Protein chains: 2
Amino acid sequence: MEHGLDVGALFLAFAAALVGAKLFGELAERLGQPAVLGELLAGVILGPSVIGLVPLSDAVLELAEIGVVLLLFEVGLETDLGELARVGAPAIAVALAGMLLPFVGGYAITLALGYPTLTATFVGAALTATSIGITARVLSELQVLATREGQIILGAAVVDDVLGLIVLAIVSKVAGGGQVGAATIVKSAALAIGFVVAALVVGIPLGHRLMRVVERTKVRGVLGALSVAFALLVAWAAKAAESAPIVGAFAAGMALARTNRRHDIDHALKPVVDIFAPVFFVYVGAEVDVRMLNPAVADNRPALILGLLLTVIGFLGKFAAGFCAWGKVRRAFIGAGMVPRGEVGLIFASVGLSTKALPEPVFVSVLVAVFLTTFVAPPLLKLLRPAPTPVPTLVR
Amino acid sequence: MEHGLDVGALFLAFAAALVGAKLFGELAERLGQPAVLGELLAGVILGPSVIGLVPLSDAVLELAEIGVVLLLFEVGLETDLGELARVGAPAIAVALAGMLLPFVGGYAITLALGYPTLTATFVGAALTATSIGITARVLSELQVLATREGQIILGAAVVDDVLGLIVLAIVSKVAGGGQVGAATIVKSAALAIGFVVAALVVGIPLGHRLMRVVERTKVRGVLGALSVAFALLVAWAAKAAESAPIVGAFAAGMALARTNRRHDIDHALKPVVDIFAPVFFVYVGAEVDVRMLNPAVADNRPALILGLLLTVIGFLGKFAAGFCAWGKVRRAFIGAGMVPRGEVGLIFASVGLSTKALPEPVFVSVLVAVFLTTFVAPPLLKLLRPAPTPVPTLVR
């Protein structure tokens with residue numbers, strides 16, 4: 001039963017990721033920082049560019065992907081669809097401003113530095129999407145997921161993940177030399193937005209029915225296993241519909257949140273998320289190649305400078321977008337919550353590199369911006385946070 | 001972040017395995033059979049030879065391997081080392097008889113049918129090792145893990161997994177054309193047995209220390225994450241020491257069972273095992289190629305007949321071994337508990353195939369024997385079971 005999978009290497013990497021995540025998470029917390037920051041740092045140190053205990057292998061990626069899908073499923077379970085709908089309009093405003101500003105800024109600066117239009121387009125696009133995974137995790141740690149600010153951030157992050165994937169589909173087509181008309185854009189948009197709506201319209205009644213089936217079973221562990229299966233299926237469907245698995249998992253969670261077993265599912269899911277979600281954050285950290293970040297190496301400097309400029313643009317663009325929210329909310333907190341880039345930004349960067357739209361140094365600059373925004377946001381959020389809600393938080 | 005891993009395919013297969021496992025597990029239970037039998041059947045149906053929803057890919061194997069390691073870790077957590085030591089002598093007697101009888105029988109019949117000595121050696125060896133995973137799961141479902149019979153079966157299964165791996169090391173060397181002297185055998189044996197002893201000697205004080213560290217931490221989910229990390233590390237060490245990861249995970253569980261947090265760890269681990277262990281049983285089932293089992297195809301018949309003969313030998317050899325136990329125990333139950341072959345038998349078969357020691361039809365015969373013994377044992381155990389113990393069972 002051993003094929004190409006190196007079971008020993010997998011177990012060692014998994015164990016190292018767990019120990020590192022908890023050790024640095026604890027350290028971060030003792031220094032007054034969110035634990036997720038420690039987990040990202042653990043990844044940088046354990047990753048291939050420093051110690052190399054956690055390789056960027058398919059086997060580790062698999063754990064990370066399961067972790068982030070289960071995390072978003074649990075965030076969805078904690079999300080009140082009614083509350084999210086109430087913040088819909090400000091969330092969409094924040095999302096749109098938060099995509100437009102960094103895109104225009106990133107595009108302009110790259111073009112100004114003499115790069116071609118295609119490169120500038122990719123750079124701008126890579127700065128558009130907020131990381132739902134990191135944002136949700138920090139909000140949950142700060143116990144503000146259920147606040148109005150938390151809901152606006154989450155809603156805006158979902159909207160801009162969905163829109164980010166549309167942008168990706170379009171720029172990929174441009175990079176491949178294809179023609180992009182208004183029809184393609186409308187079709188991509190309809191598909192992505194349609195998926196979330198369809199997942200909820202189909203998922204909510206299906207969730208109720210699933211709970212009725214679970215009630216009639218005798219074998220143990222059915223609730224947890226079938227809930228996870230439900231999340232995985234919607235995540236798979238999201239990917240098949242050219243949206244992101246994490247958006248699907250989030251929709252699946254929101255659907256099951258409307259059943260009478262919401263808290264039981266949360267209870268069964270929590271220990272699983274505790275073990276797999278940290279691997280995702282460690283994996284993201286491990287993708288940082290510290291050698292490329294050494295400013296003493298002259299060759300690294302242009303990429304680092306562009307990276308810092310993109311970080312500033314990426315930061316200010318999203319932070320300013322927070323002020324597009326209205327109502328009695330702490331707008332600076334919302335802006336800070338939108339700052340971290342993650343999964344989608346990294347996908348943009350790697351597609352850009354593989355299609356040669358991004359030259360290697362510019363690829364590094366984008367990575368720098370993705371990571372710096374991610375590292376800057378958690379302490380900033382902690383600083384700006386509104387009063388925590390009394391609802392016990394279930395996700396970490 | 002997408003490398004070679006097909007995330008969509010992984011999620012679909014994972015979801016299908018969970019739904020199939022719970023559906024057929026429920027069906028099996030309603031028919032008065034252990035749920036694990038349903039999970040194996042679900043695997044046969046979902047596997048590549050029938051529906052093909054669960055491929056035998058590295059990605060699915062990874063979930064299965066994590067599942068079986070966590071399952072054995074939890075079985076170890078429920079195992080009282082003192083009790084296991086008390087049944088040590090009869091367990092070793094059962095293990096030795098249960099290896100010798102099927103080996104000699106399988107060797108003799110294969111030789112009698114005109115196959116070369118090397119093939120006969122592999123066939124005999126493949127019949128020696130009881131599947132701890134399946135056995136432990138059935139014992140746990142029947143709530144007899146803590147009975148004297150349960151402890152003897154478990155102890156004997158561990159012993160013969162350890163010895164089985166020694167035999168594998170030796171026959172692999174023979175198949176590779178190497179010379180095997182007494183020194184090699186003694187060295188392999190010392191290494192394998194030494195590992196379990198070392199894991200316990202080092203693991204027990206380490207476990208106590210780990211719990212003291214956990215008590216001082218503030219971040220949540222530390223107990224579950226670090227316990228799993230501990231199990232993964234010992235599993236990795238077992239593999240590095242040329243023993244089996246599942247033996248390491250079992251030893252890790254026994255070590256942590258002696259700490260004051262035993263029940264908390266069990267509680268945190270249970271939902272994780274609920275989700276991953278079924279994937280292991282589905283994977284094992286999926287390895288059955290039903291096309292080779294069709295007796296209407298004349299070409300399949302010789303392999304099927306040899307397979308049935310090996311099943312009978314494999315069954316009688318292990319069943320008889322149960323009667324080597326002494327004390328006030330139900331010997332037939334112990335014999336039945338030793339019958340299922342699994343992981344190690346499959347490893348023998350695949351090593352035999354790849355080194356050409358086993359011709360393809362004989363490989364199929366060995367698979368038939370491995371699977372039939374596995375399918376026969378659960379209902380037989382249910383029929384013969386002693387009175388369940390009052391201790392609540394924690395593993396499924």
# chains A, B, ... in the order shown; residues from 1 in each chain; ligands from 1
>>> residues_around(residues="region 19-21 of chain B", least_positions_apart="3", cutoff="8 Å", atoms="only C-alpha atoms", output="PyMOL selection string")
(chain A and resi 225-226+229) or (chain B and resi 15-16+24-25+38-40+42-43+46+278-279+282)
>>> interface_residues(of="chain A", to="chain B", cutoff="8 Å", atoms="only C-alpha atoms", output="PyMOL selection string")
chain A and resi 1-5+7-9+11-12+14-16+18-19+22+25-26+29+35+58-59+61-62+65+217-222+224-226+228-230+232-233+235-236+239-240+245+268-269+271-272+274-275+343+346-347+350+396
>>> write_last_selection(atoms="C-alpha atoms", output="CSV table (one decimal), in the first residue's frame")
chain,number,residue,atom,x,y,z
A,1,MET,CA,0.0,0.0,0.0
A,2,GLU,CA,2.9,2.4,-0.5
A,3,HIS,CA,2.9,3.8,-4.0
A,4,GLY,CA,4.6,7.1,-4.3
A,5,LEU,CA,3.6,8.4,-0.9
A,7,VAL,CA,4.4,8.0,4.7
A,8,GLY,CA,7.4,8.6,7.0
A,9,ALA,CA,8.1,12.1,5.6
A,11,PHE,CA,4.1,12.0,9.5
A,12,LEU,CA,7.3,13.9,10.3
A,14,PHE,CA,2.7,16.9,10.0
A,15,ALA,CA,4.2,16.5,13.5
A,16,ALA,CA,6.7,19.3,13.0
A,18,LEU,CA,1.8,20.9,14.8
A,19,VAL,CA,4.6,21.4,17.3
A,22,LYS,CA,1.6,25.5,18.9
A,25,GLY,CA,1.4,30.4,18.6
A,26,GLU,CA,1.9,30.3,22.3
A,29,GLU,CA,0.1,35.0,22.4
A,35,ALA,CA,-1.6,33.0,17.6
A,58,ASP,CA,1.7,17.6,-2.3
A,59,ALA,CA,1.3,15.6,0.8
A,61,LEU,CA,-0.4,20.7,0.8
A,62,GLU,CA,-3.2,18.1,1.1
A,65,GLU,CA,-6.1,22.3,1.9
A,217,THR,CA,-29.0,6.4,12.2
A,218,LYS,CA,-27.5,4.1,14.8
A,219,VAL,CA,-23.8,4.0,14.0
A,220,ARG,CA,-21.7,6.5,15.9
A,221,GLY,CA,-19.9,9.5,14.5
A,222,VAL,CA,-22.4,10.0,11.7
A,224,GLY,CA,-19.5,14.8,12.2
A,225,ALA,CA,-18.6,12.6,9.2
A,226,LEU,CA,-21.6,13.5,7.1
A,228,VAL,CA,-17.7,17.1,6.8
A,229,ALA,CA,-18.7,15.2,3.7
A,230,PHE,CA,-21.3,17.9,3.0
A,232,LEU,CA,-16.2,18.7,1.0
A,233,LEU,CA,-18.9,18.1,-1.6
A,235,ALA,CA,-16.1,22.7,-1.8
A,236,TRP,CA,-15.7,20.3,-4.7
A,239,LYS,CA,-14.1,24.2,-7.7
A,240,ALA,CA,-15.9,22.4,-10.5
A,245,PRO,CA,-13.2,25.5,-2.6
A,268,ALA,CA,-17.6,17.6,16.6
A,269,LEU,CA,-15.7,19.8,14.2
A,271,PRO,CA,-11.0,19.2,17.5
A,272,VAL,CA,-10.5,18.4,13.8
A,274,ASP,CA,-7.6,22.4,15.8
A,275,ILE,CA,-5.4,19.8,14.2
A,343,GLU,CA,-4.5,32.1,-1.0
A,346,LEU,CA,-0.5,33.4,-4.1
A,347,ILE,CA,-2.5,31.7,-6.9
A,350,SER,CA,2.0,31.5,-9.4
A,396,ARG,CA,-9.6,29.2,16.0
>>> atom_distance(atom1="CA of Pro102 (chain B)", atom2="CA of Gly248 (chain B)")
25.5 Å
>>> atom_distance(atom1="CA of Val94 (chain A)", atom2="CA of Gly253 (chain A)")
23.0 Å
>>> residues_around(residues="Ala251 (chain B)", least_positions_apart="3", cutoff="10 Å", atoms="only C-alpha atoms", output="list of chain:residue names")
B:Leu72, B:Phe73, B:Val75, B:Gly76, B:Leu77, B:Thr79, B:Leu81, B:Val158, B:Phe195, B:Val196, B:Val197, B:Ala198, B:Ala199, B:Leu200, B:Gly203, B:Ile204, B:Ala231, B:Val234, B:Ala235, B:Ala238, B:Pro245, B:Ile246, B:Val247, B:Gly248, B:Met254, B:Ala255, B:Leu256, B:Ala257
>>> residues_around(residues="Val368 (chain A)", least_positions_apart="4", cutoff="7 Å", atoms="only C-alpha atoms", output="JSON, numbers by chain")
{"A": [307, 364, 372]}
>>> write_last_selection(atoms="all heavy atoms", output="short mmCIF file (atom, residue, chain, number, x, y, z; two decimals), in the first residue's frame")
data_model
loop_
_atom_site.label_atom_id
_atom_site.label_comp_id
_atom_site.auth_asym_id
_atom_site.auth_seq_id
_atom_site.Cartn_x
_atom_site.Cartn_y
_atom_site.Cartn_z
N GLY A 307 8.45 45.32 -3.85
CA GLY A 307 7.61 44.59 -2.88
C GLY A 307 7.12 45.52 -1.78
O GLY A 307 5.95 45.46 -1.40
N VAL A 364 8.61 37.73 -6.94
CA VAL A 364 9.07 37.87 -5.56
C VAL A 364 8.44 39.11 -4.91
O VAL A 364 8.00 39.07 -3.76
CB VAL A 364 10.61 37.94 -5.49
CG1 VAL A 364 11.08 38.25 -4.08
CG2 VAL A 364 11.21 36.64 -5.98
N LEU A 372 3.76 40.44 3.67
CA LEU A 372 3.84 41.55 4.62
C LEU A 372 2.43 42.00 5.04
O LEU A 372 2.19 42.26 6.21
CB LEU A 372 4.63 42.71 4.04
CG LEU A 372 6.15 42.55 4.09
CD1 LEU A 372 6.83 43.84 3.62
CD2 LEU A 372 6.64 42.22 5.51
#
>>> closest_residue(among="A:Gln143, A:Thr119, A:Gln33, A:Ser365", to="Thr311 (chain A)", atoms="only C-alpha atoms")
A:Ser365
>>> atom_distance(atom1="CA of Asp161 (chain A)", atom2="CA of Phe371 (chain A)")
17.2 Å
>>> decode(residues="region 222-369 of chain B", atoms="C-alpha atoms", output="CSV table (one decimal), in the first residue's frame")
chain,number,residue,atom,x,y,z
B,222,VAL,CA,-2.8,22.4,22.4
B,223,LEU,CA,-3.6,19.0,24.1
B,224,GLY,CA,-5.2,17.5,21.0
B,225,ALA,CA,-2.6,18.9,18.6
B,226,LEU,CA,0.4,17.9,20.6
B,227,SER,CA,-0.9,14.4,21.4
B,228,VAL,CA,-1.4,13.9,17.7
B,229,ALA,CA,2.0,15.2,17.0
B,230,PHE,CA,3.4,12.8,19.6
B,231,ALA,CA,1.7,9.9,17.9
B,232,LEU,CA,2.9,11.0,14.4
B,233,LEU,CA,6.5,11.3,15.7
B,234,VAL,CA,6.5,7.8,17.2
B,235,ALA,CA,4.9,6.5,14.0
B,236,TRP,CA,7.6,8.1,12.0
B,237,ALA,CA,10.3,6.8,14.3
B,238,ALA,CA,8.8,3.3,14.0
B,239,LYS,CA,9.0,3.5,10.2
B,240,ALA,CA,12.6,4.9,10.4
B,241,ALA,CA,13.4,1.9,12.6
B,242,GLU,CA,12.0,-0.4,9.9
B,243,SER,CA,9.0,-1.3,12.0
B,244,ALA,CA,5.4,-0.3,11.1
B,245,PRO,CA,4.0,3.2,11.7
B,246,ILE,CA,0.8,1.6,13.2
B,247,VAL,CA,2.9,-0.2,15.8
B,248,GLY,CA,4.5,3.1,16.7
B,249,ALA,CA,1.2,4.8,17.0
B,250,PHE,CA,-0.1,2.1,19.2
B,251,ALA,CA,3.0,2.4,21.5
B,252,ALA,CA,2.5,6.2,21.6
B,253,GLY,CA,-1.1,5.6,22.7
B,254,MET,CA,-0.1,3.2,25.4
B,255,ALA,CA,2.5,5.8,26.6
B,256,LEU,CA,0.0,8.6,26.9
B,257,ALA,CA,-2.6,6.3,28.5
B,258,ARG,CA,-0.4,6.5,31.6
B,259,THR,CA,-0.8,10.3,31.9
B,260,ASN,CA,-3.5,12.0,33.9
B,261,ARG,CA,-5.0,13.5,30.7
B,262,ARG,CA,-5.8,10.2,29.1
B,263,HIS,CA,-9.6,10.8,28.9
B,264,ASP,CA,-9.2,14.4,27.7
B,265,ILE,CA,-7.0,13.2,24.9
B,266,ASP,CA,-9.5,10.5,24.0
B,267,HIS,CA,-12.2,13.1,23.9
B,268,ALA,CA,-10.3,15.4,21.6
B,269,LEU,CA,-9.2,12.5,19.4
B,270,LYS,CA,-12.6,10.8,18.9
B,271,PRO,CA,-14.1,13.2,16.3
B,272,VAL,CA,-10.9,13.1,14.3
B,273,VAL,CA,-10.8,9.3,14.3
B,274,ASP,CA,-14.5,9.3,13.4
B,275,ILE,CA,-13.7,11.2,10.2
B,276,PHE,CA,-10.4,9.6,9.1
B,277,ALA,CA,-10.5,6.0,10.2
B,278,PRO,CA,-13.4,5.1,7.9
B,279,VAL,CA,-11.3,6.3,4.9
B,280,PHE,CA,-8.8,3.6,5.8
B,281,PHE,CA,-11.4,0.8,5.7
B,282,VAL,CA,-12.9,2.2,2.5
B,283,TYR,CA,-9.4,2.3,1.0
B,284,VAL,CA,-8.7,-1.4,1.9
B,285,GLY,CA,-12.0,-2.3,0.3
B,286,ALA,CA,-11.3,-0.3,-2.8
B,287,GLU,CA,-8.2,-2.4,-3.4
B,288,VAL,CA,-10.4,-5.4,-4.3
B,289,ASP,CA,-10.6,-5.7,-8.1
B,290,VAL,CA,-14.0,-7.4,-8.5
B,291,ARG,CA,-13.2,-8.3,-12.1
B,292,MET,CA,-10.6,-10.8,-11.1
B,293,LEU,CA,-13.1,-12.4,-8.8
B,294,ASN,CA,-15.5,-13.4,-11.5
B,295,PRO,CA,-15.5,-17.2,-11.6
B,296,ALA,CA,-17.4,-17.2,-14.9
B,297,VAL,CA,-14.1,-16.1,-16.5
B,298,ALA,CA,-12.1,-19.3,-16.9
B,299,ASP,CA,-8.8,-17.5,-16.6
B,300,ASN,CA,-9.7,-16.4,-13.1
B,301,ARG,CA,-10.4,-19.9,-11.8
B,302,PRO,CA,-7.0,-21.3,-10.8
B,303,ALA,CA,-6.2,-18.1,-8.9
B,304,LEU,CA,-9.6,-18.2,-7.2
B,305,ILE,CA,-9.2,-21.9,-6.2
B,306,LEU,CA,-5.8,-21.2,-4.8
B,307,GLY,CA,-7.2,-18.2,-3.1
B,308,LEU,CA,-10.0,-20.2,-1.5
B,309,LEU,CA,-7.5,-22.9,-0.3
B,310,LEU,CA,-5.3,-20.1,1.2
B,311,THR,CA,-8.3,-18.6,2.9
B,312,VAL,CA,-9.1,-22.0,4.5
B,313,ILE,CA,-5.5,-22.4,5.6
B,314,GLY,CA,-5.3,-18.8,6.8
B,315,PHE,CA,-8.5,-19.2,8.7
B,316,LEU,CA,-7.8,-22.6,10.3
B,317,GLY,CA,-4.2,-21.7,11.2
B,318,LYS,CA,-5.2,-18.6,13.1
B,319,PHE,CA,-8.3,-20.1,14.6
B,320,ALA,CA,-6.3,-23.0,15.9
B,321,ALA,CA,-3.7,-20.6,17.3
B,322,GLY,CA,-6.4,-19.2,19.6
B,323,PHE,CA,-6.5,-22.5,21.4
B,324,CYS,CA,-2.8,-21.9,22.4
B,325,ALA,CA,-4.1,-19.3,24.9
B,326,TRP,CA,-4.6,-20.5,28.5
B,327,GLY,CA,-6.5,-19.2,31.5
B,328,LYS,CA,-10.2,-18.7,31.8
B,329,VAL,CA,-10.8,-17.3,28.3
B,330,ARG,CA,-13.0,-18.1,25.4
B,331,ARG,CA,-10.4,-19.6,23.1
B,332,ALA,CA,-12.5,-19.7,20.0
B,333,PHE,CA,-13.1,-16.0,20.2
B,334,ILE,CA,-9.4,-15.4,20.4
B,335,GLY,CA,-8.8,-17.6,17.4
B,336,ALA,CA,-11.5,-15.7,15.4
B,337,GLY,CA,-10.0,-12.4,16.5
B,338,MET,CA,-6.7,-13.4,14.9
B,339,VAL,CA,-8.2,-14.3,11.5
B,340,PRO,CA,-8.4,-11.0,9.6
B,341,ARG,CA,-5.3,-10.1,7.6
B,342,GLY,CA,-4.8,-6.6,6.4
B,343,GLU,CA,-2.1,-4.0,5.9
B,344,VAL,CA,0.9,-6.3,6.4
B,345,GLY,CA,-0.6,-9.1,4.2
B,346,LEU,CA,-1.2,-6.5,1.4
B,347,ILE,CA,2.4,-5.2,1.8
B,348,PHE,CA,3.7,-8.7,1.4
B,349,ALA,CA,1.6,-9.2,-1.7
B,350,SER,CA,2.7,-6.0,-3.3
B,351,VAL,CA,6.4,-6.5,-2.5
B,352,GLY,CA,6.0,-10.1,-3.9
B,353,LEU,CA,4.5,-8.8,-7.1
B,354,SER,CA,7.1,-6.1,-7.6
B,355,THR,CA,10.0,-8.4,-7.0
B,356,LYS,CA,8.4,-11.0,-9.3
B,357,ALA,CA,8.5,-13.5,-6.5
B,358,LEU,CA,4.7,-13.7,-6.9
B,359,PRO,CA,3.3,-14.2,-10.4
B,360,GLU,CA,0.2,-12.1,-11.1
B,361,PRO,CA,-2.4,-15.0,-10.5
B,362,VAL,CA,-0.8,-16.0,-7.3
B,363,PHE,CA,-0.8,-12.3,-6.2
B,364,VAL,CA,-4.6,-12.4,-6.8
B,365,SER,CA,-4.9,-15.6,-4.7
B,366,VAL,CA,-3.1,-13.9,-1.8
B,367,LEU,CA,-5.4,-10.9,-2.1
B,368,VAL,CA,-8.4,-13.1,-2.1
B,369,ALA,CA,-7.2,-14.8,1.1
